[in-house]
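Let me begin by presenting the structure, written as structure tokens, before commenting on it.
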Amino acid sequence: MKIKATNGTSTIEWLGTKVRFRELTDSDGRDDTVTQEISFYFEADDTNNGKDLQVTVTNTVASYAA
């Protein structure tokens, strides 16, 4: 799963190669607004250098990866 937020030339990117998800709440109303909450669980993976989540921040001043 990759999530990327961009503002002009600045970006922050989250990358998880082994992700599970679980639906926590159900919507039971017929004519109501449907709302649901989903939780994502990132697990360590060898294809991601043994990390749960790899984060990369890039802007005009510097770039950082953790």
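Ordering of the structure tokens sets the chain letters (A, B, ...); residue numbers start at 1 within each chain; ligands are numbered from 1 in the order shown.
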
Quiz item: Can you list, as an MDAnalysis selection string, every protein, DNA or RNA residue that comes within 12 Å of Arg20 in chain A when you count only C-alpha atoms, leaving out same-chain residues fewer than 6 positions away?
Solution: chainID A and resid 1 38:44 52

Write the residues you've just listed into a file as a PDB file, in the first residue's frame, and include all heavy atoms for each of them.
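Output file result.pdb follows:
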ATOM      1  N   MET A   1       0.850  -1.158   0.000  1.00  0.00           N
ATOM      2  CA  MET A   1       0.000   0.000   0.000  1.00  0.00           C
ATOM      3  C   MET A   1       0.899   1.225   0.000  1.00  0.00           C
ATOM      4  O   MET A   1       1.861   1.302   0.752  1.00  0.00           O
ATOM      5  CB  MET A   1      -0.893   0.011   1.238  1.00  0.00           C
ATOM      6  CG  MET A   1      -1.601   1.308   1.442  1.00  0.00           C
ATOM      7  SD  MET A   1      -2.531   1.358   2.963  1.00  0.00           S
ATOM      8  CE  MET A   1      -4.106   0.962   2.322  1.00  0.00           C
ATOM      9  N   ILE A  38     -12.000   1.770   9.001  1.00  0.00           N
ATOM     10  CA  ILE A  38     -11.135   0.653   8.634  1.00  0.00           C
ATOM     11  C   ILE A  38      -9.753   0.913   9.220  1.00  0.00           C
ATOM     12  O   ILE A  38      -9.204   2.001   9.083  1.00  0.00           O
ATOM     13  CB  ILE A  38     -11.036   0.500   7.110  1.00  0.00           C
ATOM     14  CG1 ILE A  38     -12.414   0.232   6.522  1.00  0.00           C
ATOM     15  CG2 ILE A  38     -10.074  -0.615   6.736  1.00  0.00           C
ATOM     16  CD1 ILE A  38     -12.459   0.189   5.019  1.00  0.00           C
ATOM     17  N   SER A  39      -9.190  -0.103   9.862  1.00  0.00           N
ATOM     18  CA  SER A  39      -7.833  -0.004  10.416  1.00  0.00           C
ATOM     19  C   SER A  39      -6.873  -0.782   9.527  1.00  0.00           C
ATOM     20  O   SER A  39      -7.180  -1.890   9.091  1.00  0.00           O
ATOM     21  CB  SER A  39      -7.784  -0.570  11.833  1.00  0.00           C
ATOM     22  OG  SER A  39      -8.513   0.247  12.710  1.00  0.00           O
ATOM     23  N   PHE A  40      -5.720  -0.184   9.267  1.00  0.00           N
ATOM     24  CA  PHE A  40      -4.674  -0.840   8.492  1.00  0.00           C
ATOM     25  C   PHE A  40      -3.546  -1.228   9.435  1.00  0.00           C
ATOM     26  O   PHE A  40      -3.144  -0.441  10.290  1.00  0.00           O
ATOM     27  CB  PHE A  40      -4.138   0.094   7.404  1.00  0.00           C
ATOM     28  CG  PHE A  40      -5.149   0.393   6.341  1.00  0.00           C
ATOM     29  CD1 PHE A  40      -5.871   1.563   6.361  1.00  0.00           C
ATOM     30  CD2 PHE A  40      -5.367  -0.510   5.318  1.00  0.00           C
ATOM     31  CE1 PHE A  40      -6.812   1.842   5.388  1.00  0.00           C
ATOM     32  CE2 PHE A  40      -6.308  -0.245   4.335  1.00  0.00           C
ATOM     33  CZ  PHE A  40      -7.027   0.937   4.366  1.00  0.00           C
ATOM     34  N   TYR A  41      -3.012  -2.437   9.272  1.00  0.00           N
ATOM     35  CA  TYR A  41      -1.911  -2.943  10.091  1.00  0.00           C
ATOM     36  C   TYR A  41      -0.742  -3.255   9.173  1.00  0.00           C
ATOM     37  O   TYR A  41      -0.854  -4.087   8.274  1.00  0.00           O
ATOM     38  CB  TYR A  41      -2.336  -4.208  10.847  1.00  0.00           C
ATOM     39  CG  TYR A  41      -3.487  -3.963  11.781  1.00  0.00           C
ATOM     40  CD1 TYR A  41      -4.802  -4.135  11.363  1.00  0.00           C
ATOM     41  CD2 TYR A  41      -3.262  -3.521  13.074  1.00  0.00           C
ATOM     42  CE1 TYR A  41      -5.859  -3.893  12.216  1.00  0.00           C
ATOM     43  CE2 TYR A  41      -4.319  -3.266  13.933  1.00  0.00           C
ATOM     44  CZ  TYR A  41      -5.613  -3.463  13.493  1.00  0.00           C
ATOM     45  OH  TYR A  41      -6.658  -3.210  14.343  1.00  0.00           O
ATOM     46  N   PHE A  42       0.368  -2.565   9.387  1.00  0.00           N
ATOM     47  CA  PHE A  42       1.570  -2.767   8.589  1.00  0.00           C
ATOM     48  C   PHE A  42       2.493  -3.728   9.323  1.00  0.00           C
ATOM     49  O   PHE A  42       2.730  -3.577  10.514  1.00  0.00           O
ATOM     50  CB  PHE A  42       2.282  -1.430   8.358  1.00  0.00           C
ATOM     51  CG  PHE A  42       1.470  -0.469   7.540  1.00  0.00           C
ATOM     52  CD1 PHE A  42       0.581   0.402   8.143  1.00  0.00           C
ATOM     53  CD2 PHE A  42       1.591  -0.440   6.171  1.00  0.00           C
ATOM     54  CE1 PHE A  42      -0.181   1.279   7.400  1.00  0.00           C
ATOM     55  CE2 PHE A  42       0.837   0.433   5.407  1.00  0.00           C
ATOM     56  CZ  PHE A  42      -0.053   1.299   6.020  1.00  0.00           C
ATOM     57  N   GLU A  43       3.019  -4.720   8.607  1.00  0.00           N
ATOM     58  CA  GLU A  43       3.897  -5.725   9.198  1.00  0.00           C
ATOM     59  C   GLU A  43       5.267  -5.666   8.534  1.00  0.00           C
ATOM     60  O   GLU A  43       5.384  -5.321   7.360  1.00  0.00           O
ATOM     61  CB  GLU A  43       3.301  -7.120   9.021  1.00  0.00           C
ATOM     62  CG  GLU A  43       1.960  -7.282   9.699  1.00  0.00           C
ATOM     63  CD  GLU A  43       1.359  -8.654   9.466  1.00  0.00           C
ATOM     64  OE1 GLU A  43       1.975  -9.478   8.768  1.00  0.00           O
ATOM     65  OE2 GLU A  43       0.255  -8.891   9.981  1.00  0.00           O
ATOM     66  N   ALA A  44       6.286  -6.027   9.287  1.00  0.00           N
ATOM     67  CA  ALA A  44       7.647  -6.056   8.759  1.00  0.00           C
ATOM     68  C   ALA A  44       7.725  -7.035   7.595  1.00  0.00           C
ATOM     69  O   ALA A  44       7.098  -8.092   7.607  1.00  0.00           O
ATOM     70  CB  ALA A  44       8.630  -6.450   9.849  1.00  0.00           C
ATOM     71  N   ASP A  52       8.287  -2.081   8.923  1.00  0.00           N
ATOM     72  CA  ASP A  52       6.829  -2.103   8.825  1.00  0.00           C
ATOM     73  C   ASP A  52       6.374  -1.114   7.758  1.00  0.00           C
ATOM     74  O   ASP A  52       5.513  -1.416   6.936  1.00  0.00           O
ATOM     75  CB  ASP A  52       6.174  -1.695  10.142  1.00  0.00           C
ATOM     76  CG  ASP A  52       6.481  -2.661  11.269  1.00  0.00           C
ATOM     77  OD1 ASP A  52       6.934  -3.779  10.992  1.00  0.00           O
ATOM     78  OD2 ASP A  52       6.250  -2.289  12.428  1.00  0.00           O
TER      79      ASP A  52
END

Quiz item: Excluding same-chain residues fewer than 3 positions from Leu15 in chain A, what lies within 9 Å of it counting only C-alpha atoms, as a VMD selection string?
Solution: chain A and resid 1 to 4 48 52 to 56

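Put simply, CA of Ala66 in chain A is 11.3 Å away from CA of Ile12 in chain A.
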
Just asking: which residues within chain A are strand (DSSP E) according to DSSP, as a PDB file with N, CA and C atoms, in the first residue's frame?
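Heads up, here's the output in part.pdb:
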ATOM      1  N   LYS A   2       0.598   2.155  -0.864  1.00  0.00           N
ATOM      2  CA  LYS A   2       1.346   3.410  -0.924  1.00  0.00           C
ATOM      3  C   LYS A   2       0.371   4.563  -0.767  1.00  0.00           C
ATOM      4  N   ILE A   3       0.704   5.461   0.152  1.00  0.00           N
ATOM      5  CA  ILE A   3      -0.065   6.686   0.348  1.00  0.00           C
ATOM      6  C   ILE A   3       0.888   7.839   0.099  1.00  0.00           C
ATOM      7  N   LYS A   4       0.477   8.769  -0.751  1.00  0.00           N
ATOM      8  CA  LYS A   4       1.353   9.889  -1.107  1.00  0.00           C
ATOM      9  C   LYS A   4       0.569  11.188  -1.020  1.00  0.00           C
ATOM     10  N   ALA A   5       1.122  12.150  -0.282  1.00  0.00           N
ATOM     11  CA  ALA A   5       0.525  13.478  -0.166  1.00  0.00           C
ATOM     12  C   ALA A   5       1.473  14.476  -0.831  1.00  0.00           C
ATOM     13  N   THR A   6       0.931  15.330  -1.692  1.00  0.00           N
ATOM     14  CA  THR A   6       1.743  16.283  -2.436  1.00  0.00           C
ATOM     15  C   THR A   6       1.196  17.683  -2.244  1.00  0.00           C
ATOM     16  N   ASN A   7       2.118  18.633  -2.025  1.00  0.00           N
ATOM     17  CA  ASN A   7       1.774  20.046  -1.949  1.00  0.00           C
ATOM     18  C   ASN A   7       2.830  20.795  -2.740  1.00  0.00           C
ATOM     19  N   SER A  10       6.621  19.627  -2.712  1.00  0.00           N
ATOM     20  CA  SER A  10       6.871  18.865  -1.476  1.00  0.00           C
ATOM     21  C   SER A  10       5.977  17.630  -1.450  1.00  0.00           C
ATOM     22  N   THR A  11       6.570  16.489  -1.043  1.00  0.00           N
ATOM     23  CA  THR A  11       5.803  15.250  -0.951  1.00  0.00           C
ATOM     24  C   THR A  11       6.181  14.487   0.315  1.00  0.00           C
ATOM     25  N   ILE A  12       5.236  13.706   0.798  1.00  0.00           N
ATOM     26  CA  ILE A  12       5.497  12.735   1.851  1.00  0.00           C
ATOM     27  C   ILE A  12       4.827  11.442   1.383  1.00  0.00           C
ATOM     28  N   GLU A  13       5.571  10.344   1.494  1.00  0.00           N
ATOM     29  CA  GLU A  13       5.097   9.078   0.957  1.00  0.00           C
ATOM     30  C   GLU A  13       5.267   7.980   1.999  1.00  0.00           C
ATOM     31  N   TRP A  14       4.199   7.200   2.223  1.00  0.00           N
ATOM     32  CA  TRP A  14       4.241   6.055   3.134  1.00  0.00           C
ATOM     33  C   TRP A  14       4.126   4.806   2.281  1.00  0.00           C
ATOM     34  N   LEU A  15       5.023   3.831   2.490  1.00  0.00           N
ATOM     35  CA  LEU A  15       5.007   2.602   1.714  1.00  0.00           C
ATOM     36  C   LEU A  15       5.069   1.410   2.653  1.00  0.00           C
ATOM     37  N   VAL A  19       0.445  -5.508   4.287  1.00  0.00           N
ATOM     38  CA  VAL A  19      -0.597  -4.754   4.972  1.00  0.00           C
ATOM     39  C   VAL A  19      -1.840  -5.634   5.151  1.00  0.00           C
ATOM     40  N   ARG A  20      -2.390  -5.601   6.349  1.00  0.00           N
ATOM     41  CA  ARG A  20      -3.679  -6.241   6.629  1.00  0.00           C
ATOM     42  C   ARG A  20      -4.666  -5.132   6.990  1.00  0.00           C
ATOM     43  N   PHE A  21      -5.917  -5.375   6.768  1.00  0.00           N
ATOM     44  CA  PHE A  21      -6.918  -4.395   7.189  1.00  0.00           C
ATOM     45  C   PHE A  21      -8.073  -5.117   7.860  1.00  0.00           C
ATOM     46  N   ARG A  22      -8.753  -4.373   8.719  1.00  0.00           N
ATOM     47  CA  ARG A  22      -9.907  -4.922   9.428  1.00  0.00           C
ATOM     48  C   ARG A  22     -10.962  -3.832   9.533  1.00  0.00           C
ATOM     49  N   GLU A  23     -12.172  -4.184   9.211  1.00  0.00           N
ATOM     50  CA  GLU A  23     -13.279  -3.250   9.330  1.00  0.00           C
ATOM     51  C   GLU A  23     -13.744  -3.254  10.782  1.00  0.00           C
ATOM     52  N   LEU A  24     -13.775  -2.105  11.404  1.00  0.00           N
ATOM     53  CA  LEU A  24     -14.115  -2.030  12.816  1.00  0.00           C
ATOM     54  C   LEU A  24     -15.577  -1.729  13.073  1.00  0.00           C
ATOM     55  N   THR A  25     -16.179  -0.901  12.275  1.00  0.00           N
ATOM     56  CA  THR A  25     -17.573  -0.539  12.526  1.00  0.00           C
ATOM     57  C   THR A  25     -18.398  -0.736  11.262  1.00  0.00           C
ATOM     58  N   GLU A  37     -15.299   2.609   9.589  1.00  0.00           N
ATOM     59  CA  GLU A  37     -13.924   2.838  10.009  1.00  0.00           C
ATOM     60  C   GLU A  37     -13.122   1.587   9.695  1.00  0.00           C
ATOM     61  N   ILE A  38     -12.000   1.770   9.001  1.00  0.00           N
ATOM     62  CA  ILE A  38     -11.135   0.653   8.634  1.00  0.00           C
ATOM     63  C   ILE A  38      -9.753   0.913   9.220  1.00  0.00           C
ATOM     64  N   SER A  39      -9.190  -0.103   9.862  1.00  0.00           N
ATOM     65  CA  SER A  39      -7.833  -0.004  10.416  1.00  0.00           C
ATOM     66  C   SER A  39      -6.873  -0.782   9.527  1.00  0.00           C
ATOM     67  N   PHE A  40      -5.720  -0.184   9.267  1.00  0.00           N
ATOM     68  CA  PHE A  40      -4.674  -0.840   8.492  1.00  0.00           C
ATOM     69  C   PHE A  40      -3.546  -1.228   9.435  1.00  0.00           C
ATOM     70  N   TYR A  41      -3.012  -2.437   9.272  1.00  0.00           N
ATOM     71  CA  TYR A  41      -1.911  -2.943  10.091  1.00  0.00           C
ATOM     72  C   TYR A  41      -0.742  -3.255   9.173  1.00  0.00           C
ATOM     73  N   PHE A  42       0.368  -2.565   9.387  1.00  0.00           N
ATOM     74  CA  PHE A  42       1.570  -2.767   8.589  1.00  0.00           C
ATOM     75  C   PHE A  42       2.493  -3.728   9.323  1.00  0.00           C
ATOM     76  N   GLN A  54       7.874   2.333   5.328  1.00  0.00           N
ATOM     77  CA  GLN A  54       8.963   3.188   4.884  1.00  0.00           C
ATOM     78  C   GLN A  54       8.382   4.549   4.534  1.00  0.00           C
ATOM     79  N   VAL A  55       8.939   5.596   5.135  1.00  0.00           N
ATOM     80  CA  VAL A  55       8.435   6.955   4.933  1.00  0.00           C
ATOM     81  C   VAL A  55       9.502   7.778   4.227  1.00  0.00           C
ATOM     82  N   THR A  56       9.103   8.505   3.179  1.00  0.00           N
ATOM     83  CA  THR A  56      10.018   9.381   2.450  1.00  0.00           C
ATOM     84  C   THR A  56       9.413  10.780   2.402  1.00  0.00           C
ATOM     85  N   VAL A  57      10.203  11.757   2.852  1.00  0.00           N
ATOM     86  CA  VAL A  57       9.791  13.158   2.827  1.00  0.00           C
ATOM     87  C   VAL A  57      10.714  13.893   1.866  1.00  0.00           C
ATOM     88  N   THR A  58      10.143  14.636   0.917  1.00  0.00           N
ATOM     89  CA  THR A  58      10.925  15.392  -0.050  1.00  0.00           C
ATOM     90  C   THR A  58      10.375  16.801  -0.141  1.00  0.00           C
ATOM     91  N   SER A  63      15.775  16.043   1.426  1.00  0.00           N
ATOM     92  CA  SER A  63      15.015  14.807   1.257  1.00  0.00           C
ATOM     93  C   SER A  63      15.398  13.858   2.382  1.00  0.00           C
ATOM     94  N   TYR A  64      14.439  13.137   2.944  1.00  0.00           N
ATOM     95  CA  TYR A  64      14.692  12.262   4.076  1.00  0.00           C
ATOM     96  C   TYR A  64      13.892  10.980   3.917  1.00  0.00           C
ATOM     97  N   ALA A  65      14.542   9.845   4.158  1.00  0.00           N
ATOM     98  CA  ALA A  65      13.856   8.554   4.121  1.00  0.00           C
ATOM     99  C   ALA A  65      14.115   7.825   5.424  1.00  0.00           C
TER     100      ALA A  65
END
